[in-house]
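Coordinates from protein_2.pdb are shown below (PDB, C-alpha atoms).
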```pdb
MODEL        1
ATOM      1  CA  MET A 366       0.000   0.000   0.000
ATOM      2  CA  SER A 367       1.385   3.392  -0.929
ATOM      3  CA  PHE A 368       1.663   6.131   1.692
ATOM      4  CA  GLN A 369      -1.172   8.022   0.054
ATOM      5  CA  GLY A 370      -3.216   4.827   0.066
ATOM      6  CA  PHE A 371      -2.491   4.443   3.771
ATOM      7  CA  CYS A 372      -3.706   8.018   4.411
ATOM      8  CA  GLU A 373      -6.882   7.309   2.450
ATOM      9  CA  TRP A 374      -7.490   4.102   4.401
ATOM     10  CA  LEU A 375      -6.835   5.983   7.665
ATOM     11  CA  SER A 376      -9.293   8.734   6.764
ATOM     12  CA  HIS A 377     -12.053   6.119   6.414
ATOM     13  CA  THR A 378     -11.459   4.441   9.779
ATOM     14  CA  SER A 379     -14.204   4.989  12.358
ATOM     15  CA  LEU A 380     -11.784   6.872  14.653
ATOM     16  CA  SER A 381     -10.923   9.344  11.904
ATOM     17  CA  VAL A 382     -14.554   9.812  10.873
ATOM     18  CA  SER A 383     -15.750  10.359  14.438
ATOM     19  CA  LEU A 384     -12.929  12.849  15.197
ATOM     20  CA  ARG A 385     -13.768  14.739  12.020
ATOM     21  CA  GLU A 386     -17.543  14.768  12.314
ATOM     22  CA  ALA A 387     -18.272  15.070  16.044
ATOM     23  CA  PRO A 388     -19.009  18.757  16.706
ATOM     24  CA  TYR A 389     -16.558  19.329  19.582
ATOM     25  CA  ASP A 390     -13.810  16.718  19.240
ATOM     26  CA  TYR A 391     -11.605  18.801  16.976
ATOM     27  CA  PRO A 392     -11.679  22.133  18.909
ATOM     28  CA  VAL A 393     -11.275  20.323  22.244
ATOM     29  CA  LEU A 394      -8.232  18.407  20.937
ATOM     30  CA  LEU A 395      -6.772  21.622  19.544
ATOM     31  CA  ILE A 396      -7.277  23.419  22.866
ATOM     32  CA  VAL A 397      -5.624  20.604  24.862
ATOM     33  CA  HIS A 398      -2.829  20.545  22.236
ATOM     34  CA  VAL A 399      -2.065  24.236  22.723
ATOM     35  CA  LEU A 400      -2.710  24.012  26.479
ATOM     36  CA  SER A 401       0.134  21.504  26.823
ATOM     37  CA  ILE A 402       2.478  24.219  25.523
ATOM     38  CA  ALA A 403       1.442  26.368  28.488
ATOM     39  CA  LEU A 404       2.196  23.535  30.888
ATOM     40  CA  PHE A 405       5.766  23.017  29.815
ATOM     41  CA  GLY A 406       6.609  25.906  27.458
ATOM     42  CA  GLY A 407       7.702  28.021  30.419
ATOM     43  CA  MET A 408       9.786  25.148  31.775
ATOM     44  CA  VAL A 409      11.502  24.600  28.423
ATOM     45  CA  ALA A 410      12.212  28.338  28.214
ATOM     46  CA  MET A 411      13.442  28.629  31.815
ATOM     47  CA  GLY A 412      15.623  25.487  31.531
ATOM     48  CA  ASN A 413      17.306  26.807  28.396
ATOM     49  CA  LEU A 414      17.598  30.370  29.728
ATOM     50  CA  ARG A 415      19.194  28.983  32.927
ATOM     51  CA  VAL A 416      21.813  27.122  30.851
ATOM     52  CA  LEU A 417      22.420  30.395  28.976
ATOM     53  CA  GLY A 418      22.943  32.096  32.355
ATOM     54  CA  VAL A 419      20.223  34.725  31.924
ATOM     55  CA  ALA A 420      17.463  33.324  34.196
ATOM     56  CA  MET A 421      17.319  31.798  37.694
ATOM     57  CA  GLN A 422      21.097  32.154  38.084
ATOM     58  CA  GLY A 423      20.903  31.395  41.814
ATOM     59  CA  VAL A 424      19.508  27.894  41.243
ATOM     60  CA  PRO A 425      21.907  25.088  40.152
ATOM     61  CA  VAL A 426      21.445  24.035  36.494
ATOM     62  CA  SER A 427      20.814  20.378  37.399
ATOM     63  CA  GLN A 428      18.014  21.349  39.824
ATOM     64  CA  VAL A 429      16.202  23.391  37.162
ATOM     65  CA  ILE A 430      16.569  20.607  34.587
ATOM     66  CA  ASN A 431      15.807  17.618  36.842
ATOM     67  CA  GLN A 432      12.861  19.230  38.637
ATOM     68  CA  PHE A 433      11.142  20.259  35.406
ATOM     69  CA  ARG A 434      11.829  16.987  33.573
ATOM     70  CA  PRO A 435       8.689  14.978  34.588
ATOM     71  CA  TRP A 436       6.414  17.971  33.810
ATOM     72  CA  LYS A 437       8.079  18.519  30.470
ATOM     73  CA  TRP A 438       7.625  14.824  29.583
ATOM     74  CA  LEU A 439       3.959  15.028  30.599
ATOM     75  CA  GLY A 440       3.422  18.125  28.461
ATOM     76  CA  PHE A 441       5.339  16.625  25.530
ATOM     77  CA  ALA A 442       3.291  13.393  25.734
ATOM     78  CA  VAL A 443       0.002  15.361  25.713
ATOM     79  CA  LEU A 444       1.273  17.501  22.815
ATOM     80  CA  LEU A 445       2.248  14.385  20.849
ATOM     81  CA  VAL A 446      -0.924  12.333  21.531
ATOM     82  CA  THR A 447      -3.295  15.223  20.722
ATOM     83  CA  GLY A 448      -1.150  16.054  17.682
ATOM     84  CA  VAL A 449      -1.439  12.472  16.378
ATOM     85  CA  LEU A 450      -5.224  12.467  16.992
ATOM     86  CA  LEU A 451      -5.570  15.805  15.164
ATOM     87  CA  THR A 452      -3.611  14.282  12.260
ATOM     88  CA  ILE A 453      -5.817  11.154  12.237
ATOM     89  CA  SER A 454      -8.910  13.389  12.067
ATOM     90  CA  ASP A 455      -8.034  14.447   8.517
ATOM     91  CA  PRO A 456      -4.993  12.586   7.096
ATOM     92  CA  MET A 457      -5.589  13.633   3.484
ATOM     93  CA  GLU A 458      -5.610  17.314   4.454
ATOM     94  CA  TYR A 459      -2.291  17.093   6.332
ATOM     95  CA  HIS A 460      -0.720  14.758   3.761
ATOM     96  CA  ASP A 461      -0.616  17.683   1.305
ATOM     97  CA  ASN A 462       0.272  20.375   3.857
ATOM     98  CA  ILE A 463       3.959  21.328   3.715
ATOM     99  CA  MET A 464       3.750  23.094   7.102
ATOM    100  CA  PHE A 465       2.534  19.884   8.743
ATOM    101  CA  TRP A 466       5.680  18.041   7.568
ATOM    102  CA  ILE A 467       7.926  20.932   8.632
ATOM    103  CA  SER A 468       6.306  20.892  12.111
ATOM    104  CA  ALA A 469       6.762  17.120  12.401
ATOM    105  CA  ALA A 470      10.419  17.398  11.305
ATOM    106  CA  LEU A 471      11.061  20.218  13.829
ATOM    107  CA  ILE A 472       9.557  18.131  16.672
ATOM    108  CA  LEU A 473      11.842  15.241  15.692
ATOM    109  CA  LEU A 474      14.831  17.633  15.651
ATOM    110  CA  VAL A 475      13.997  19.071  19.084
ATOM    111  CA  GLY A 476      13.926  15.503  20.432
ATOM    112  CA  VAL A 477      17.319  14.690  18.876
ATOM    113  CA  ASN A 478      18.697  17.993  20.225
ATOM    114  CA  GLY A 479      17.506  17.097  23.735
ATOM    115  CA  LEU A 480      19.116  13.646  23.562
ATOM    116  CA  ILE A 481      22.436  15.082  22.341
ATOM    117  CA  PHE A 482      22.392  17.610  25.207
ATOM    118  CA  HIS A 483      21.399  15.046  27.828
ATOM    119  CA  TYR A 484      23.859  12.307  26.847
ATOM    120  CA  GLY A 485      26.588  14.757  25.835
ATOM    121  CA  ILE A 486      27.618  17.925  27.639
ATOM    122  CA  TYR A 487      25.007  17.478  30.424
ATOM    123  CA  ARG A 488      26.760  14.339  31.746
ATOM    124  CA  ASP A 489      29.450  16.475  33.386
ATOM    125  CA  VAL A 490      26.975  19.084  34.669
ATOM    126  CA  ALA A 491      28.507  18.686  38.161
ATOM    127  CA  THR A 492      31.539  20.724  37.077
ATOM    128  CA  TRP A 493      29.442  23.732  35.969
ATOM    129  CA  ASP A 494      26.265  23.238  38.002
ATOM    130  CA  GLU A 495      26.639  26.294  40.228
ATOM    131  CA  SER A 496      28.237  28.656  37.713
ATOM    132  CA  VAL A 497      26.094  31.415  36.228
ATOM    133  CA  SER A 498      26.859  30.487  32.640
ATOM    134  CA  ALA A 499      27.297  26.952  31.252
ATOM    135  CA  PRO A 500      30.129  25.894  28.874
ATOM    136  CA  ALA A 501      29.876  27.214  25.321
ATOM    137  CA  SER A 502      28.698  23.906  23.833
ATOM    138  CA  ALA A 503      25.858  23.607  26.397
ATOM    139  CA  ARG A 504      24.817  27.204  25.636
ATOM    140  CA  ARG A 505      24.821  26.349  21.940
ATOM    141  CA  TRP A 506      22.395  23.439  22.491
ATOM    142  CA  ALA A 507      20.180  25.677  24.634
ATOM    143  CA  CYS A 508      20.045  28.262  21.817
ATOM    144  CA  VAL A 509      19.155  25.546  19.284
ATOM    145  CA  SER A 510      16.393  24.250  21.594
ATOM    146  CA  LEU A 511      14.876  27.730  22.079
ATOM    147  CA  PHE A 512      15.030  28.402  18.343
ATOM    148  CA  LEU A 513      13.416  25.032  17.504
ATOM    149  CA  TRP A 514      10.559  25.515  19.978
ATOM    150  CA  ILE A 515       9.772  28.989  18.640
ATOM    151  CA  ALA A 516       9.919  27.568  15.103
ATOM    152  CA  ILE A 517       7.522  24.756  16.157
ATOM    153  CA  VAL A 518       4.956  27.337  17.344
ATOM    154  CA  PHE A 519       5.252  29.291  14.069
ATOM    155  CA  ALA A 520       5.089  26.160  11.895
ATOM    156  CA  GLY A 521       2.241  24.678  13.967
ATOM    157  CA  ARG A 522       0.182  27.851  13.606
ATOM    158  CA  ALA A 523       1.006  27.979   9.894
ATOM    159  CA  ILE A 524      -0.548  24.508   9.317
ATOM    160  CA  ALA A 525      -3.949  26.211   9.501
ATOM    161  CA  PHE A 526      -2.792  28.984   7.149
ATOM    162  CA  PHE A 527      -1.686  26.729   4.273
TER     163      PHE A 527
ATOM    164  CA  MET G1384     -19.927  50.278  26.850
ATOM    165  CA  PHE G1385     -18.408  53.506  25.616
ATOM    166  CA  LEU G1386     -15.306  51.828  24.187
ATOM    167  CA  ALA G1387     -17.426  49.297  22.302
ATOM    168  CA  TYR G1388     -19.541  52.128  20.913
ATOM    169  CA  LEU G1389     -16.411  53.924  19.680
ATOM    170  CA  LEU G1390     -14.866  50.826  18.090
ATOM    171  CA  GLN G1391     -18.083  49.691  16.437
ATOM    172  CA  GLY G1392     -17.837  52.785  14.302
ATOM    173  CA  ILE G1393     -14.692  51.326  12.692
ATOM    174  CA  PRO G1394     -15.851  48.656  10.223
ATOM    175  CA  GLU G1395     -12.368  47.180   9.740
ATOM    176  CA  ALA G1396      -8.741  48.091  10.317
ATOM    177  CA  ALA G1397      -7.467  51.149   8.482
ATOM    178  CA  PRO G1398      -6.106  50.098   5.035
ATOM    179  CA  LEU G1399      -2.599  51.285   5.971
ATOM    180  CA  ASN G1400      -2.453  48.843   8.890
ATOM    181  CA  PRO G1401      -0.172  45.933   7.743
ATOM    182  CA  ILE G1402      -2.432  43.402   9.478
ATOM    183  CA  ALA G1403      -5.269  44.446   7.157
ATOM    184  CA  ARG G1404      -3.111  44.642   4.018
ATOM    185  CA  TRP G1405      -1.305  41.285   4.015
ATOM    186  CA  GLU G1406      -2.978  38.089   5.134
ATOM    187  CA  TRP G1407       0.275  36.543   6.480
ATOM    188  CA  VAL G1408       0.769  39.288   9.100
ATOM    189  CA  PHE G1409      -2.007  37.994  11.348
ATOM    190  CA  PRO G1410      -0.703  34.391  11.740
ATOM    191  CA  VAL G1411       2.864  35.693  12.241
ATOM    192  CA  VAL G1412       1.824  38.120  15.018
ATOM    193  CA  GLU G1413      -0.430  35.413  16.451
ATOM    194  CA  SER G1414       2.553  33.019  16.592
ATOM    195  CA  ILE G1415       4.497  35.614  18.618
ATOM    196  CA  HIS G1416       1.392  35.936  20.827
ATOM    197  CA  ILE G1417       1.393  32.123  21.378
ATOM    198  CA  CYS G1418       5.132  32.155  22.277
ATOM    199  CA  GLY G1419       4.429  35.024  24.695
ATOM    200  CA  PHE G1420       1.546  33.131  26.262
ATOM    201  CA  ALA G1421       3.758  30.043  26.710
ATOM    202  CA  LEU G1422       6.312  32.241  28.511
ATOM    203  CA  LEU G1423       3.721  34.134  30.606
ATOM    204  CA  VAL G1424       1.524  31.231  31.692
ATOM    205  CA  GLY G1425       4.482  28.829  31.738
ATOM    206  CA  THR G1426       6.427  30.945  34.244
ATOM    207  CA  ILE G1427       3.305  31.535  36.385
ATOM    208  CA  VAL G1428       2.650  27.760  36.333
ATOM    209  CA  ILE G1429       6.215  27.226  37.656
ATOM    210  CA  LEU G1430       5.540  29.722  40.480
ATOM    211  CA  ASP G1431       2.169  28.132  41.365
ATOM    212  CA  LEU G1432       3.677  24.615  41.301
ATOM    213  CA  ARG G1433       6.470  25.838  43.608
ATOM    214  CA  LEU G1434       3.865  27.249  46.029
ATOM    215  CA  LEU G1435       2.187  23.831  45.999
ATOM    216  CA  GLY G1436       5.580  22.211  46.678
ATOM    217  CA  LEU G1437       5.581  20.245  43.417
ATOM    218  CA  VAL G1438       8.790  21.642  41.865
ATOM    219  CA  LEU G1439      12.080  23.115  43.125
ATOM    220  CA  ARG G1440      11.322  22.345  46.780
ATOM    221  CA  GLY G1441      14.982  22.933  47.583
ATOM    222  CA  GLN G1442      14.612  26.646  46.772
ATOM    223  CA  ALA G1443      12.703  29.288  48.767
ATOM    224  CA  VAL G1444       9.367  30.378  47.219
ATOM    225  CA  SER G1445      10.343  34.055  47.397
ATOM    226  CA  LYS G1446      13.646  33.321  45.628
ATOM    227  CA  ILE G1447      11.846  31.596  42.732
ATOM    228  CA  ALA G1448       9.288  34.449  42.594
ATOM    229  CA  LYS G1449      12.098  37.011  42.372
ATOM    230  CA  ALA G1450      13.947  35.018  39.691
ATOM    231  CA  LEU G1451      10.801  34.632  37.549
ATOM    232  CA  ALA G1452       9.482  38.213  37.956
ATOM    233  CA  PRO G1453      11.473  39.856  35.105
ATOM    234  CA  TRP G1454      10.411  37.070  32.708
ATOM    235  CA  ILE G1455       6.775  37.404  33.729
ATOM    236  CA  TRP G1456       7.049  41.159  33.060
ATOM    237  CA  ALA G1457       8.748  40.560  29.699
ATOM    238  CA  ALA G1458       5.945  38.172  28.716
ATOM    239  CA  ILE G1459       3.249  40.647  29.817
ATOM    240  CA  LEU G1460       4.939  43.265  27.627
ATOM    241  CA  ILE G1461       4.931  40.907  24.603
ATOM    242  CA  GLN G1462       1.269  40.026  25.189
ATOM    243  CA  LEU G1463       0.096  43.607  25.696
ATOM    244  CA  THR G1464       1.828  44.584  22.437
ATOM    245  CA  THR G1465       0.798  41.678  20.183
ATOM    246  CA  GLY G1466      -2.704  41.263  21.691
ATOM    247  CA  PRO G1467      -4.051  44.759  20.954
ATOM    248  CA  TYR G1468      -2.377  44.617  17.535
ATOM    249  CA  LEU G1469      -4.284  41.418  16.706
ATOM    250  CA  LEU G1470      -7.421  43.173  17.972
ATOM    251  CA  SER G1471      -6.761  46.072  15.589
ATOM    252  CA  SER G1472      -7.332  43.712  12.626
ATOM    253  CA  ASP G1473     -11.079  43.848  13.291
ATOM    254  CA  PRO G1474     -11.942  45.530  16.607
ATOM    255  CA  GLY G1475     -15.677  45.880  15.994
ATOM    256  CA  GLU G1476     -16.013  42.171  15.237
ATOM    257  CA  TYR G1477     -13.978  40.981  18.242
ATOM    258  CA  LEU G1478     -15.961  43.057  20.726
ATOM    259  CA  GLN G1479     -19.131  41.283  19.568
ATOM    260  CA  VAL G1480     -17.671  37.825  20.294
ATOM    261  CA  PRO G1481     -18.595  36.584  23.805
ATOM    262  CA  ALA G1482     -15.378  34.508  24.047
ATOM    263  CA  PHE G1483     -13.315  37.676  23.521
ATOM    264  CA  ARG G1484     -15.177  39.569  26.252
ATOM    265  CA  ASN G1485     -14.808  36.580  28.594
ATOM    266  CA  LYS G1486     -11.088  36.431  27.863
ATOM    267  CA  MET G1487     -10.639  40.115  28.738
ATOM    268  CA  LEU G1488     -12.602  39.631  31.962
ATOM    269  CA  PHE G1489     -10.571  36.564  33.021
ATOM    270  CA  LEU G1490      -7.336  38.302  31.994
ATOM    271  CA  LEU G1491      -8.154  41.290  34.181
ATOM    272  CA  LEU G1492      -9.038  39.009  37.120
ATOM    273  CA  ALA G1493      -5.916  36.839  36.609
ATOM    274  CA  LEU G1494      -3.590  39.861  36.467
ATOM    275  CA  ILE G1495      -5.159  41.495  39.538
ATOM    276  CA  PHE G1496      -4.974  38.183  41.414
ATOM    277  CA  HIS G1497      -1.335  37.718  40.422
ATOM    278  CA  PHE G1498      -0.186  41.182  41.515
ATOM    279  CA  THR G1499      -2.135  41.164  44.795
ATOM    280  CA  VAL G1500      -2.733  37.693  46.273
ATOM    281  CA  ILE G1501       0.089  35.744  44.556
ATOM    282  CA  ARG G1502       2.573  38.574  45.118
ATOM    283  CA  LYS G1503       1.712  38.499  48.842
ATOM    284  CA  ALA G1504       1.785  34.668  48.942
ATOM    285  CA  THR G1505       5.300  34.570  47.461
ATOM    286  CA  ALA G1506       6.716  37.471  49.521
ATOM    287  CA  PRO G1507       9.820  36.762  51.687
ATOM    288  CA  ARG G1508       7.980  37.428  54.966
ATOM    289  CA  GLU G1509       5.518  34.584  54.262
ATOM    290  CA  GLU G1510       8.422  32.133  53.909
ATOM    291  CA  SER G1511       8.405  30.686  57.431
ATOM    292  CA  ALA G1512       4.594  30.738  57.867
ATOM    293  CA  PRO G1513       2.559  27.549  57.237
ATOM    294  CA  LEU G1514       1.153  27.176  53.722
ATOM    295  CA  GLY G1515      -2.480  27.807  54.830
ATOM    296  CA  TRP G1516      -4.333  30.137  52.433
ATOM    297  CA  ARG G1517      -1.434  30.180  49.992
ATOM    298  CA  LYS G1518      -2.218  26.691  48.699
ATOM    299  CA  PRO G1519      -5.786  27.483  47.514
ATOM    300  CA  ALA G1520      -4.402  30.765  46.124
ATOM    301  CA  ALA G1521      -2.068  28.784  43.842
ATOM    302  CA  PHE G1522      -5.034  26.717  42.602
ATOM    303  CA  VAL G1523      -7.127  29.848  41.975
ATOM    304  CA  SER G1524      -4.218  31.334  39.972
ATOM    305  CA  LEU G1525      -3.920  28.157  37.846
ATOM    306  CA  GLY G1526      -7.695  28.150  37.314
ATOM    307  CA  LEU G1527      -7.871  31.815  36.285
ATOM    308  CA  TRP G1528      -5.058  31.463  33.730
ATOM    309  CA  LEU G1529      -6.687  28.285  32.396
ATOM    310  CA  CYS G1530      -9.893  30.317  31.829
ATOM    311  CA  VAL G1531      -7.897  33.000  29.974
ATOM    312  CA  LEU G1532      -6.439  30.327  27.672
ATOM    313  CA  LEU G1533      -9.731  28.510  27.081
ATOM    314  CA  ALA G1534     -11.591  31.712  26.248
ATOM    315  CA  GLY G1535      -8.683  32.902  24.089
ATOM    316  CA  MET G1536      -8.594  29.700  22.077
ATOM    317  CA  TRP G1537     -12.354  29.704  21.720
ATOM    318  CA  ILE G1538     -12.230  33.079  19.930
ATOM    319  CA  GLY G1539     -10.653  31.334  16.941
ATOM    320  CA  ASN G1540     -13.361  28.654  16.817
ATOM    321  CA  LEU G1541     -16.212  31.080  16.362
TER     322      LEU G1541
ENDMDL
END
```
Can you turn what I pasted into structure tokens?
Amino acid sequence: MSFQGFCEWLSHTSLSVSLREAPYDYPVLLIVHVLSIALFGGMVAMGNLRVLGVAMQGVPVSQVINQFRPWKWLGFAVLLVTGVLLTISDPMEYHDNIMFWISAALILLVGVNGLIFHYGIYRDVATWDESVSAPASARRWACVSLFLWIAIVFAGRAIAFF
Amino acid sequence: MFLAYLLQGIPEAAPLNPIARWEWVFPVVESIHICGFALLVGTIVILDLRLLGLVLRGQAVSKIAKALAPWIWAAILIQLTTGPYLLSSDPGEYLQVPAFRNKMLFLLLALIFHFTVIRKATAPREESAPLGWRKPAAFVSLGLWLCVLLAGMWIGNL
């Protein structure tokens, strides 16, 4: 089955039809989707700004990152699940939407960026935990993360525009 | 309302306003507005969760409040710039939408609550006192900001 064929099959499943046709499913999913950004968007921003040495300088880097981690995972999971359900609601529409694919690629990149940070420079956080500003490579990853998240908001909003 | 009466006289944004001239301006400004809301509500959520003892327990509440304050102010500045600009795209129309009026009401309540009750709850002199009234205050703050978001998102659905 081709990818387009898969999307067509998906759009005829009962889950897809009910998400598309029920009066409130779509707006409620969209609201929860954006709401999850409010839950952890501030934590993502504060974590990165702490690594950059411009916010919460008095709190050790590892405390900011470790304490926010479970909340960020919760928010990310909600964002992902509602995002997948929104996609299932109208696969053919998103299949042809360039902004949808850019958003999906950016989310993948932000995940890869997080893994590189966590299993790379963050492993020796103990040596720079208390300092105001992290090593240059950690600051670089923080900048990339901030940029990617802002780009995700722009691309996500643009899905509806295209 | 006098303001509503004034704005109803303006059928749509002046033609020189970029938001009325190019259709891509609105989603771009709206994206900045969403980033600002993530920063504003996100930082207030951190403060409320700290009051409830759910994050950063090792740090004093007043210390976290002081560290977050400039970012909360920066976010308020972004929101109070982009918000009214989005409104200027079609002020007469927005004022007719109940969700918009509800959002403004909840926003006013949430801001007043933040700068009175939450400010007092996170002040240094409350540090050694038992949590008491400060715990429900954190829940009220979370609830008010949730209402702002729900009403705000509902504007786009109507």
So, counting all atoms listed in the file, which residue among A:Ala523, A:Ser510, A:Val497, A:Pro392 is closest to A:Pro425?
-> A:Val497
Counting all atoms listed in the file, chain A residues within 8 Å of chain G, as a PyMOL selection string | chain A and resi 392+396+400+402-408+410-411+420-422+424+428-429+432-433+515+518-519+522-523+526
Just-selected residues, C-alpha atoms written as a compact mmCIF listing (two decimals), keeping the file's coordinate frame:
```
# COMPACT_ATOMS: atom_id res chain seq x y z
CA PRO A 392 -11.68 22.13 18.91
CA ILE A 396 -7.28 23.42 22.87
CA LEU A 400 -2.71 24.01 26.48
CA ILE A 402 2.48 24.22 25.52
CA ALA A 403 1.44 26.37 28.49
CA LEU A 404 2.20 23.54 30.89
CA PHE A 405 5.77 23.02 29.82
CA GLY A 406 6.61 25.91 27.46
CA GLY A 407 7.70 28.02 30.42
CA MET A 408 9.79 25.15 31.78
CA ALA A 410 12.21 28.34 28.21
CA MET A 411 13.44 28.63 31.82
CA ALA A 420 17.46 33.32 34.20
CA MET A 421 17.32 31.80 37.69
CA GLN A 422 21.10 32.15 38.08
CA VAL A 424 19.51 27.89 41.24
CA GLN A 428 18.01 21.35 39.82
CA VAL A 429 16.20 23.39 37.16
CA GLN A 432 12.86 19.23 38.64
CA PHE A 433 11.14 20.26 35.41
CA ILE A 515 9.77 28.99 18.64
CA VAL A 518 4.96 27.34 17.34
CA PHE A 519 5.25 29.29 14.07
CA ARG A 522 0.18 27.85 13.61
CA ALA A 523 1.01 27.98 9.89
CA PHE A 526 -2.79 28.98 7.15
```
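Closest approach to G:Arg1508 among G:Leu1430, G:Ala1520, G:Val1408, G:Val1444: G:Val1444, based on only C-alpha atoms.
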Expand the PyMOL selection byres ((chain A and resi 418) around 9) into the individual residues it matches in the shown file, reporting them as a PyMOL selection string.
-> chain A and resi 413-417+419-422+496-499+504
Which of these residues is nearest to A:Thr378, using all atoms listed in the file: A:Asp455, A:Thr447, A:Val393, A:Gly423?
->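 That would be A:Asp455, the residue with the smallest distance to A:Thr378.
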Counting all atoms listed in the file, figure out which residue out of A:Asn431, A:Ser381, A:Ser367, A:Ser376 gets nearest to A:Leu450.
-> A:Ser381
Kindly indicate which residue among G:Asn1400, G:Phe1489, G:Leu1432, G:Leu1478 lies nearest to G:Lys1518, using all atoms listed in the file for the distances.
-> G:Leu1432
Residues at most 12 Å from G:Val1480, counting only C-alpha atoms, excluding those fewer than 2 positions away in the same chain, as a VMD selection string?
-> chain G and resid 1387 1470 1473 to 1478 1482 to 1487 1534 to 1535 1537 to 1541
Do you know which residues are at most 9 Å from G:Leu1435 counting all atoms listed in the file, after dropping those on the same chain fewer than 5 positions away, and could you put them as a tab-separated table (two decimals) with C-alpha atoms, in the frame of the given file?
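What landed in part-v9.tsv:
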```tsv
chain	number	residue	atom	x	y	z
G	1430	LEU	CA	5.54	29.72	40.48
G	1514	LEU	CA	1.15	27.18	53.72
G	1517	ARG	CA	-1.43	30.18	49.99
G	1518	LYS	CA	-2.22	26.69	48.70
G	1519	PRO	CA	-5.79	27.48	47.51
G	1521	ALA	CA	-2.07	28.78	43.84
G	1522	PHE	CA	-5.03	26.72	42.60
```
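A straight line drawn from atom CA of A:Ser502 to atom CA of A:Ile430 is 16.5 Å long.
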Is there a way to get, as a PyMOL selection string, all residues within 12 Å of the point (-7.0, 6.9, 3.8) in file coordinates, counting only C-alpha atoms?
-> chain A and resi 366-382+452-460
With the input short on atoms, add N, CA and C atoms back to stretch 1516-1527 of chain G and write it as a PDB file, in the frame of the given file.
```
ATOM      1  N   TRP G1516      -3.551  29.570  53.542  1.00  0.00           N
ATOM      2  CA  TRP G1516      -4.333  30.137  52.433  1.00  0.00           C
ATOM      3  C   TRP G1516      -3.541  30.185  51.134  1.00  0.00           C
ATOM      4  N   ARG G1517      -2.229  30.023  51.215  1.00  0.00           N
ATOM      5  CA  ARG G1517      -1.434  30.180  49.992  1.00  0.00           C
ATOM      6  C   ARG G1517      -1.617  29.022  49.024  1.00  0.00           C
ATOM      7  N   LYS G1518      -1.999  27.847  49.568  1.00  0.00           N
ATOM      8  CA  LYS G1518      -2.218  26.691  48.699  1.00  0.00           C
ATOM      9  C   LYS G1518      -3.448  26.888  47.812  1.00  0.00           C
ATOM     10  N   PRO G1519      -4.645  27.196  48.411  1.00  0.00           N
ATOM     11  CA  PRO G1519      -5.786  27.483  47.514  1.00  0.00           C
ATOM     12  C   PRO G1519      -5.513  28.646  46.566  1.00  0.00           C
ATOM     13  N   ALA G1520      -4.717  29.627  47.006  1.00  0.00           N
ATOM     14  CA  ALA G1520      -4.402  30.765  46.124  1.00  0.00           C
ATOM     15  C   ALA G1520      -3.697  30.282  44.857  1.00  0.00           C
ATOM     16  N   ALA G1521      -2.784  29.319  45.011  1.00  0.00           N
ATOM     17  CA  ALA G1521      -2.068  28.784  43.842  1.00  0.00           C
ATOM     18  C   ALA G1521      -3.045  28.106  42.886  1.00  0.00           C
ATOM     19  N   PHE G1522      -4.031  27.377  43.448  1.00  0.00           N
ATOM     20  CA  PHE G1522      -5.034  26.717  42.602  1.00  0.00           C
ATOM     21  C   PHE G1522      -5.906  27.737  41.882  1.00  0.00           C
ATOM     22  N   VAL G1523      -6.301  28.808  42.602  1.00  0.00           N
ATOM     23  CA  VAL G1523      -7.127  29.848  41.975  1.00  0.00           C
ATOM     24  C   VAL G1523      -6.355  30.481  40.813  1.00  0.00           C
ATOM     25  N   SER G1524      -5.056  30.754  41.026  1.00  0.00           N
ATOM     26  CA  SER G1524      -4.218  31.334  39.972  1.00  0.00           C
ATOM     27  C   SER G1524      -4.196  30.417  38.748  1.00  0.00           C
ATOM     28  N   LEU G1525      -3.941  29.116  38.967  1.00  0.00           N
ATOM     29  CA  LEU G1525      -3.920  28.157  37.846  1.00  0.00           C
ATOM     30  C   LEU G1525      -5.266  28.158  37.122  1.00  0.00           C
ATOM     31  N   GLY G1526      -6.367  28.176  37.907  1.00  0.00           N
ATOM     32  CA  GLY G1526      -7.695  28.150  37.314  1.00  0.00           C
ATOM     33  C   GLY G1526      -7.992  29.389  36.483  1.00  0.00           C
ATOM     34  N   LEU G1527      -7.607  30.568  37.011  1.00  0.00           N
ATOM     35  CA  LEU G1527      -7.871  31.815  36.285  1.00  0.00           C
ATOM     36  C   LEU G1527      -7.124  31.845  34.951  1.00  0.00           C
TER      37      LEU G1527
END
```
